[in-house]
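Text of the file protein-v3.txt, holding compact mmCIF, C-alpha atoms:
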# COMPACT_ATOMS: atom_id res chain seq x y z
CA MET F 1 41.24 441.18 244.79
CA MET F 2 41.29 437.48 245.55
CA SER F 3 38.59 436.89 242.93
CA ALA F 4 40.53 438.83 240.29
CA PHE F 5 43.72 436.94 241.18
CA ARG F 6 42.02 433.59 240.78
CA GLN F 7 40.71 434.62 237.35
CA LEU F 8 44.22 435.67 236.26
CA GLN F 9 45.61 432.33 237.52
CA GLU F 10 42.96 430.33 235.70
CA GLY F 11 43.63 432.27 232.48
CA ALA F 12 47.36 431.52 232.79
CA ASN F 13 46.62 427.83 233.34
CA THR F 14 44.42 427.81 230.24
CA MET F 15 47.14 429.42 228.15
CA ARG F 16 49.70 426.86 229.37
CA SER F 17 47.31 424.03 228.44
CA GLN F 18 46.76 425.48 224.99
CA ASN F 19 50.50 425.91 224.47
CA ALA F 20 51.09 422.27 225.50
CA ALA F 21 48.39 421.10 223.09
CA ILE F 22 49.94 423.14 220.28
CA CYS F 23 53.34 421.63 221.07
CA ARG F 24 51.90 418.11 220.96
CA LEU F 25 50.23 418.83 217.62
CA MET F 26 53.47 420.18 216.17
CA THR F 27 55.34 417.11 217.42
CA GLN F 28 52.77 414.78 215.85
CA ALA F 29 52.93 416.72 212.59
CA SER F 30 56.70 416.38 212.56
CA VAL F 31 56.46 412.62 213.16
CA ILE F 32 53.82 412.25 210.44
CA GLY F 33 55.99 414.20 208.03
CA ARG F 34 59.01 412.03 208.70
CA ALA F 35 56.86 408.87 208.35
CA SER F 36 55.38 410.12 205.10
CA LYS F 37 58.83 410.79 203.74
CA ALA F 38 59.95 407.34 204.84
CA VAL F 39 56.90 405.74 203.25
CA ALA F 40 57.60 407.60 200.02
CA ILE F 41 61.21 406.41 200.09
CA ASP F 42 60.13 402.82 200.91
CA HIS F 43 57.54 402.90 198.10
CA HIS F 44 60.19 404.02 195.65
CA LEU F 45 62.55 401.26 196.81
CA SER F 46 59.79 398.63 196.69
CA GLY F 47 59.00 399.66 193.12
CA ARG F 48 62.63 399.09 192.15
CA LEU F 49 62.68 395.74 193.96
CA LEU F 50 59.47 394.66 192.22
CA LEU F 51 60.90 395.60 188.83
CA MET F 52 64.10 393.63 189.54
CA LEU F 53 62.06 390.59 190.65
CA LEU F 54 59.99 390.76 187.48
CA LEU F 55 63.12 390.88 185.31
CA VAL F 56 64.64 387.88 187.11
CA THR F 57 61.41 385.91 186.70
CA VAL F 58 61.22 386.64 182.98
CA SER F 59 64.84 385.60 182.50
CA LEU F 60 64.21 382.32 184.35
CA ILE F 61 61.15 381.56 182.24
CA ALA F 62 63.05 382.32 179.05
CA SER F 63 65.87 379.98 180.05
CA THR F 64 63.49 377.11 180.98
CA PRO F 65 62.76 374.55 178.17
CA LEU F 66 59.26 374.73 176.72
CA GLU F 67 58.36 371.17 177.64
CA ALA F 68 59.28 371.80 181.29
CA GLN F 69 56.88 374.75 181.42
CA SER F 70 53.94 372.84 179.95
CA PRO F 71 51.41 371.22 182.34
CA PHE F 72 50.64 368.64 179.63
CA THR F 73 53.90 366.84 180.43
CA SER F 74 52.53 365.63 183.77
CA MET F 75 49.16 364.92 182.15
CA ALA F 76 50.82 362.70 179.55
CA ALA F 77 52.70 360.84 182.28
CA ALA F 78 49.43 360.27 184.14
CA ARG F 79 47.80 358.98 180.97
CA ASP F 80 50.71 356.57 180.38
CA GLU F 81 50.34 355.27 183.91
CA PHE F 82 46.54 354.90 183.51
CA TRP F 83 46.86 352.92 180.25
CA ASN F 84 49.86 350.93 181.56
CA ILE F 85 51.86 351.61 178.42
CA PRO F 86 54.99 349.43 178.27
CA ALA F 87 58.28 351.29 178.52
CA ALA F 88 59.35 350.15 175.06
CA GLN F 89 56.24 351.68 173.52
CA LYS F 90 56.63 354.91 175.46
CA ASN F 91 60.24 355.14 174.35
CA ALA F 92 59.22 354.51 170.74
CA SER F 93 56.61 357.25 171.01
CA SER F 94 59.08 359.70 172.55
CA GLU F 95 61.73 358.84 169.95
CA ALA F 96 59.19 359.53 167.20
CA GLY F 97 58.92 363.10 168.47
CA SER F 98 62.51 363.63 169.65
CA ASN F 99 63.40 365.62 166.54
CA ARG F 100 60.48 367.99 166.95
CA THR F 101 61.30 371.69 166.92
CA ASN F 102 59.43 374.26 168.98
CA GLY F 103 57.97 376.01 165.96
CA ASP F 104 57.15 372.92 163.89
CA GLN F 105 53.45 372.22 164.32
CA GLN F 106 53.53 369.34 161.88
CA ASP F 107 56.04 367.40 163.97
CA GLY F 108 54.01 368.13 167.09
CA TRP F 109 50.89 366.73 165.43
CA MET F 110 52.82 363.66 164.29
CA HIS F 111 54.12 363.07 167.80
CA SER F 112 50.60 363.28 169.29
CA TRP F 113 49.18 360.94 166.64
CA LEU F 114 51.86 358.28 167.16
CA HIS F 115 51.39 358.56 170.91
CA ALA F 116 47.65 357.86 170.41
CA VAL F 117 48.56 354.83 168.29
CA ASP F 118 50.84 353.47 171.03
CA THR F 119 48.13 354.08 173.62
CA ALA F 120 45.56 352.17 171.54
CA ARG F 121 47.93 349.25 171.03
CA ALA F 122 48.82 349.11 174.72
CA SER F 123 45.14 348.92 175.76
CA GLN F 124 44.31 345.77 173.75
CA PRO F 125 45.78 342.29 173.16
CA HIS F 126 48.57 341.87 170.63
CA PHE F 127 47.17 339.21 168.30
CA ILE F 128 48.31 338.79 164.71
CA ALA F 129 45.87 339.51 161.86
CA PRO F 130 44.36 336.30 160.42
CA MET F 131 44.52 335.44 156.71
CA VAL F 132 40.82 335.87 155.86
CA THR F 133 38.98 336.94 159.00
CA THR F 134 38.83 340.68 159.67
CA HIS F 135 41.46 341.52 162.27
CA VAL F 136 39.64 341.82 165.61
CA MET F 137 41.87 344.64 166.86
CA LEU F 138 42.71 348.22 166.06
CA VAL F 139 45.70 348.00 163.76
CA GLN F 140 47.88 350.49 161.92
CA GLN F 141 49.57 349.02 158.87
CA TYR F 142 49.61 348.74 155.12
CA ARG F 143 48.56 345.30 153.94
CA TYR F 144 48.74 343.79 150.48
CA ASP F 145 47.26 340.34 149.73
CA MET F 146 47.20 338.20 146.62
CA SER F 147 45.19 335.05 145.97
CA TRP F 148 44.79 332.41 143.26
CA GLN F 149 41.55 330.46 143.34
CA GLN F 150 40.47 327.43 141.37
CA ASP F 151 37.04 328.14 139.93
CA SER F 152 34.26 325.66 140.71
CA PRO F 153 33.18 325.02 137.09
CA GLY F 154 36.25 323.69 135.31
CA HIS F 155 39.85 324.09 136.37
CA THR F 156 40.52 327.73 135.50
CA VAL F 157 42.30 330.00 137.94
CA THR F 158 41.22 333.50 138.95
CA SER F 159 43.98 335.74 140.30
CA ASN F 160 43.19 338.56 142.74
CA TYR F 161 45.84 341.24 143.29
CA GLY F 162 45.05 343.43 146.28
CA ALA F 163 42.22 341.29 147.65
CA SER F 164 40.42 344.31 149.15
CA ARG F 165 43.27 345.06 151.57
CA GLY F 166 45.02 348.38 151.98
CA LEU F 167 45.90 351.16 154.40
CA GLU F 168 44.68 350.99 158.01
CA ILE F 169 45.15 353.99 160.31
CA ILE F 170 44.45 354.59 164.01
CA PRO F 171 43.41 358.28 164.24
CA ALA F 172 42.29 358.02 167.89
CA THR F 173 42.66 355.52 170.72
CA ARG F 174 39.25 353.91 170.06
CA PHE F 175 38.99 354.12 166.27
CA GLU F 176 40.56 352.68 163.16
CA VAL F 177 39.89 353.79 159.59
CA GLY F 178 40.75 351.56 156.66
CA VAL F 179 40.68 352.26 152.92
CA SER F 180 41.36 349.52 150.38
CA PRO F 181 42.09 350.53 146.78
CA PRO F 182 40.25 348.59 144.06
CA ASN F 183 41.83 345.18 143.53
CA TYR F 184 42.72 343.83 140.11
CA ILE F 185 41.19 340.52 139.01
CA ALA F 186 42.60 338.40 136.18
CA HIS F 187 40.68 335.44 134.75
CA GLN F 188 41.85 332.38 132.85
CA SER F 189 38.27 331.92 131.72
CA ASN F 190 36.47 333.95 129.07
CA GLN F 191 35.48 336.61 131.61
CA LYS F 192 36.95 340.07 131.26
CA ASP F 193 39.82 341.16 133.52
CA GLY F 194 39.45 344.39 135.44
CA VAL F 195 39.36 346.23 138.76
CA GLY F 196 37.02 345.51 141.63
CA ASP F 197 35.27 347.86 144.05
CA LEU F 198 36.65 350.40 146.51
CA ALA F 199 36.34 349.03 150.07
CA TRP F 200 36.43 350.84 153.41
CA GLN F 201 35.96 350.10 157.09
CA VAL F 202 35.72 351.96 160.40
CA LYS F 203 36.39 350.07 163.64
CA PHE F 204 35.28 351.11 167.13
CA ARG F 205 36.86 349.54 170.21
CA ALA F 206 34.17 349.22 172.86
CA PHE F 207 35.95 347.14 175.53
CA SER F 208 39.43 345.67 175.69
CA ALA F 209 42.26 344.71 178.00
CA PRO F 210 45.88 343.73 177.25
CA GLU F 211 47.61 340.53 178.29
CA HIS F 212 47.67 339.82 182.04
CA LYS F 213 44.69 342.16 182.52
CA GLY F 214 41.93 340.17 180.84
CA ASP F 215 43.30 339.64 177.31
CA TYR F 216 40.09 340.41 175.40
CA PHE F 217 38.58 342.73 172.79
CA VAL F 218 34.99 343.69 171.90
CA GLY F 219 34.21 346.07 169.06
CA PHE F 220 31.73 347.23 166.46
CA PHE F 221 32.77 347.75 162.85
CA MET F 222 31.10 349.43 159.90
CA GLY F 223 32.41 348.86 156.42
CA GLY F 224 31.31 348.58 152.85
CA SER F 225 32.22 349.10 149.22
CA PHE F 226 31.51 351.53 146.41
CA PRO F 227 30.91 350.28 142.86
CA VAL F 228 34.10 351.23 141.04
CA GLY F 229 34.61 348.10 138.95
CA SER F 230 32.20 346.58 136.48
CA GLN F 231 30.80 343.06 136.70
CA PRO F 232 31.96 340.35 137.12
CA ASN F 233 34.89 342.01 138.94
CA GLY F 234 32.72 344.50 140.82
CA THR F 235 29.24 344.15 142.29
CA GLY F 236 27.83 347.21 140.53
CA HIS F 237 26.07 348.34 143.75
CA THR F 238 26.95 350.10 147.00
CA ILE F 239 27.13 347.68 149.94
CA LEU F 240 27.16 348.35 153.69
CA SER F 241 28.69 345.79 156.05
CA PRO F 242 28.02 346.15 159.81
CA THR F 243 30.04 343.72 161.94
CA PHE F 244 30.31 342.65 165.56
CA ALA F 245 33.77 341.47 166.62
CA ALA F 246 35.18 339.79 169.72
CA ALA F 247 38.46 338.15 170.70
CA LYS F 248 39.90 336.34 173.72
CA GLY F 249 43.41 335.28 174.57
CA LEU F 250 44.16 332.07 176.45
CA GLY F 251 47.86 332.00 177.13
CA SER F 252 49.64 331.43 173.81
CA TRP F 253 46.28 330.83 172.07
CA ASP F 254 43.87 333.44 170.86
CA ILE F 255 40.41 333.25 169.28
CA GLN F 256 39.10 335.99 167.00
CA SER F 257 35.52 335.91 165.76
CA THR F 258 33.33 338.21 163.66
CA VAL F 259 29.71 338.09 162.57
CA GLY F 260 28.38 340.58 160.06
CA ALA F 261 26.20 341.16 157.04
CA ASN F 262 26.55 342.48 153.51
CA LEU F 263 23.54 344.71 152.83
CA PRO F 264 23.25 346.06 149.26
CA MET F 265 21.75 349.52 148.96
CA SER F 266 20.31 348.45 145.59
CA GLY F 267 20.12 345.29 143.51
CA THR F 268 18.99 343.18 146.46
CA SER F 269 16.76 341.04 144.20
CA THR F 270 19.91 339.87 142.40
CA LEU F 271 22.64 339.98 145.05
CA GLY F 272 20.54 339.09 148.07
CA ARG F 273 21.73 339.67 151.61
CA THR F 274 24.53 337.64 153.15
CA ILE F 275 25.51 336.77 156.70
CA ILE F 276 29.28 336.36 157.16
CA PHE F 277 30.59 334.38 160.14
CA ASN F 278 34.35 333.92 160.59
CA THR F 279 36.44 332.48 163.42
CA ALA F 280 40.22 332.24 163.60
CA VAL F 281 42.30 330.34 166.16
CA ASN F 282 45.95 331.42 166.37
CA TYR F 283 48.89 330.06 168.34
CA ARG F 284 51.91 332.18 169.21
CA ILE F 285 55.41 330.69 169.16
CA LYS F 286 58.05 333.02 170.64
CA GLY F 287 55.98 335.98 169.45
CA LYS F 288 57.16 335.59 165.82
CA VAL F 289 55.59 332.39 164.45
CA TRP F 290 51.81 332.19 164.21
CA PRO F 291 50.19 328.97 162.93
CA MET F 292 46.42 329.38 162.58
CA LEU F 293 43.20 327.77 161.45
CA GLU F 294 40.12 329.67 160.26
CA GLN F 295 36.57 328.82 159.31
CA ASN F 296 34.84 331.19 156.89
CA SER F 297 31.07 330.84 156.46
CA THR F 298 28.62 332.66 154.18
CA PHE F 299 24.81 332.37 154.27
CA TRP F 300 22.55 333.90 151.59
CA SER F 301 19.07 335.31 152.09
CA GLY F 302 17.14 336.46 149.03
CA GLY F 303 18.51 337.02 145.56
CA ALA F 304 19.66 334.40 143.10
CA MET F 305 21.35 332.23 145.81
CA ASP F 306 18.60 332.40 148.45
CA GLY F 307 18.99 329.68 151.10
CA ARG F 308 22.48 328.59 150.09
CA LYS F 309 25.54 328.44 152.31
CA GLN F 310 29.22 327.75 151.92
CA VAL F 311 31.95 327.02 154.47
CA PHE F 312 35.72 327.10 153.98
CA LEU F 313 38.57 326.01 156.24
CA THR F 314 41.81 327.98 155.98
CA PRO F 315 45.01 326.75 157.65
CA GLY F 316 47.77 329.34 157.51
CA LEU F 317 51.07 330.57 158.89
CA ILE F 318 52.26 334.13 159.65
CA LEU F 319 55.87 335.07 160.37
CA GLY F 320 56.70 338.29 162.16
CA SER F 321 56.54 341.04 162.67
CA PHE F 322 60.22 341.93 162.17
CA PRO F 323 61.71 345.44 162.47
CA LEU F 324 62.75 347.27 159.33
CA LYS F 325 63.45 350.88 160.33
CA ASP F 326 62.30 352.92 163.32
CA ARG F 327 58.59 352.07 163.75
CA LEU F 328 58.23 350.27 160.42
CA ARG F 329 57.96 346.47 160.63
CA ILE F 330 57.11 343.62 158.27
CA ALA F 331 55.16 340.36 158.53
CA ILE F 332 54.52 337.80 155.81
CA GLY F 333 52.27 334.77 155.63
CA GLY F 334 50.27 332.39 153.52
CA GLY F 335 47.27 330.12 153.71
CA PHE F 336 45.25 327.55 151.80
CA GLN F 337 41.48 327.90 151.77
CA THR F 338 39.42 324.85 150.82
CA ALA F 339 35.66 324.25 150.60
CA VAL F 340 33.99 321.81 153.03
CA THR F 341 30.32 322.20 151.96
CA PRO F 342 28.60 320.80 148.83
CA TYR F 343 27.92 324.28 147.50
CA HIS F 344 30.90 326.60 147.03
CA GLN F 345 31.68 329.39 144.60
CA TYR F 346 35.23 328.07 144.11
CA ASN F 347 37.06 324.92 145.09
CA HIS F 348 40.12 326.23 146.90
CA ARG F 349 42.33 329.30 147.05
CA TRP F 350 45.97 330.04 147.81
CA ILE F 351 46.58 333.27 149.74
CA PHE F 352 49.77 335.27 150.20
CA SER F 353 49.87 338.26 152.55
CA VAL F 354 52.46 340.93 153.39
CA ARG F 355 51.89 343.52 156.13
CA PHE F 356 53.84 346.64 157.12
CA PRO F 357 52.83 347.76 160.65
CA PHE F 358 54.04 351.21 161.73
For this file, produce the structure as structure tokens.
Amino acid sequence: MMSAFRQLQEGANTMRSQNAAICRLMTQASVIGRASKAVAIDHHLSGRLLLMLLLVTVSLIASTPLEAQSPFTSMAAARDEFWNIPAAQKNASSEAGSNRTNGDQQDGWMHSWLHAVDTARASQPHFIAPMVTTHVMLVQQYRYDMSWQQDSPGHTVTSNYGASRGLEIIPATRFEVGVSPPNYIAHQSNQKDGVGDLAWQVKFRAFSAPEHKGDYFVGFFMGGSFPVGSQPNGTGHTILSPTFAAAKGLGSWDIQSTVGANLPMSGTSTLGRTIIFNTAVNYRIKGKVWPMLEQNSTFWSGGAMDGRKQVFLTPGLILGSFPLKDRLRIAIGGGFQTAVTPYHQYNHRWIFSVRFPF
């Protein structure tokens, strides 16, 4: 009896344990169900909140100006600080693009180009272009020169309109490209009047520093001419002209010097090869008056004038530049070139020059 009673008691205890376990499982299931429902509700609410946040973000972006969104704004500021661009030049660059519209790609390109021009100018000295010597700087301007030379045999005058000067552009901060339309040459002698050759030049700025940071310039130029005009006004042959250029400022003084060569691609037996060495010394008075003195030397090797040389001295005066409108400026000047060696192709020459920097 006692054994049977114990078995019944143990069975009852087992049933109570099972019932308690079932109750716990039901309770956990109820909790899980309520949590799942809450999670579903929270997920639905979070979706709505995410959608609202997205809409607010889009509206903020749409209301923000395009330039404020662009990371290139800070990059441009860093570049200005690196090149130490004066505030006046930065303002001129920003004014050049102030009328740009968001959809006008042409205005955007123009703004970037003019900014590159200002950067190039700010990273080199600000010397004036000499009368004869190639300007030892990157320069953006249109230049037109005229000259009247007294021919060596006799007293006739040869007039040169254009004088192989023209448009000079700075497409990048280290380069300048120049194209000079054919000049027109008029003779008082029996020679035929006509146009000269088409000239061009590419300048590369290797090293430079503006005033108060070294005040110097070193560059390598490549130029030349194509035979457009007929002789005696044109050479009749293609010519290449590599040049090394350097300049140094010393307070109000500056020295610009070039050494180069004229290398005909054909006709060397007649034209020969020439070495050109020019040096100009300029003095700046209040930044607007530039008295100067140049020496212009030519040495021949080969050809009909093998072994000969000629040297000219050219005192001159440049006034400017003066503002015209927006970026456009003007400078004018003149000089008198005279021979100082026994051999010379002409006795002396008057030169008038007008420049329009922009």
Would you list the residues near (26.8, 342.9, 150.6) (no more than 8 Å away, in the coordinates of the file, using all atoms listed in the file) as a PyMOL selection string?
chain F and resi 224+239-241+261-264+271-274
Hey, what's within 7 Å of region 298-302 of chain F if we count all atoms listed in the file and toss same-chain stuff fewer than 3 positions away? As JSON, numbers by chain, please?
{"F": [269, 272, 273, 274, 275, 276, 277, 305, 306, 307, 308, 309, 310, 311]}
In terms of only C-alpha atoms, the residue from F:Phe127, F:Phe312, F:Phe204, F:Trp109 at minimal distance from Ile170 (chain F) is F:Phe204
If you count only C-alpha atoms, the residue of F:Thr134, F:Ser321, F:Ser152, F:Gln231 closest to Phe358 (chain F) turns out to be F:Ser321
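Closest approach to Thr258 (chain F) among F:Gly154, F:Pro130, F:Pro181, F:Gly166 is made by F:Pro130 (distances from all atoms listed in the file).
Coordinates place CA of Gly320 (chain F) at a distance of 8.1 Å from CA of Trp290 (chain F).
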In terms of only C-alpha atoms, the residue from F:Ala339, F:Ala116, F:Ala206, F:Met131 at minimal distance from Arg355 (chain F) is F:Met131
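Going from CA of Asp326 (chain F) over to CA of Tyr142 (chain F), you cover 15.7 Å.
Nearest residue to Thr268 (chain F) among F:Asn296, F:Ser252, F:Asp151, F:Thr235 is F:Thr235, counting all atoms listed in the file.
Take CA of Thr341 (chain F) and CA of His155 (chain F): the distance between them is 18.4 Å.
Candidate residues F:Val340, F:Leu138, F:Met292, F:Ala331 were compared for distance to Ala122 (chain F), and the nearest is F:Leu138, using only C-alpha atoms.
The list of residues with at least one atom within 6 Å of Leu293 (chain F), based on all atoms listed in the file and without residues fewer than 6 positions apart in the same chain, reads Ala280, Val281, Thr314 and Pro315 of chain F.
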Store the residues picked out above in a file with C-alpha atoms, as a short mmCIF file (atom, residue, chain, number, x, y, z; two decimals), keeping the file's coordinate frame.
data_model
loop_
_atom_site.label_atom_id
_atom_site.label_comp_id
_atom_site.auth_asym_id
_atom_site.auth_seq_id
_atom_site.Cartn_x
_atom_site.Cartn_y
_atom_site.Cartn_z
CA ALA F 280 40.22 332.24 163.60
CA VAL F 281 42.30 330.34 166.16
CA THR F 314 41.81 327.98 155.98
CA PRO F 315 45.01 326.75 157.65
#
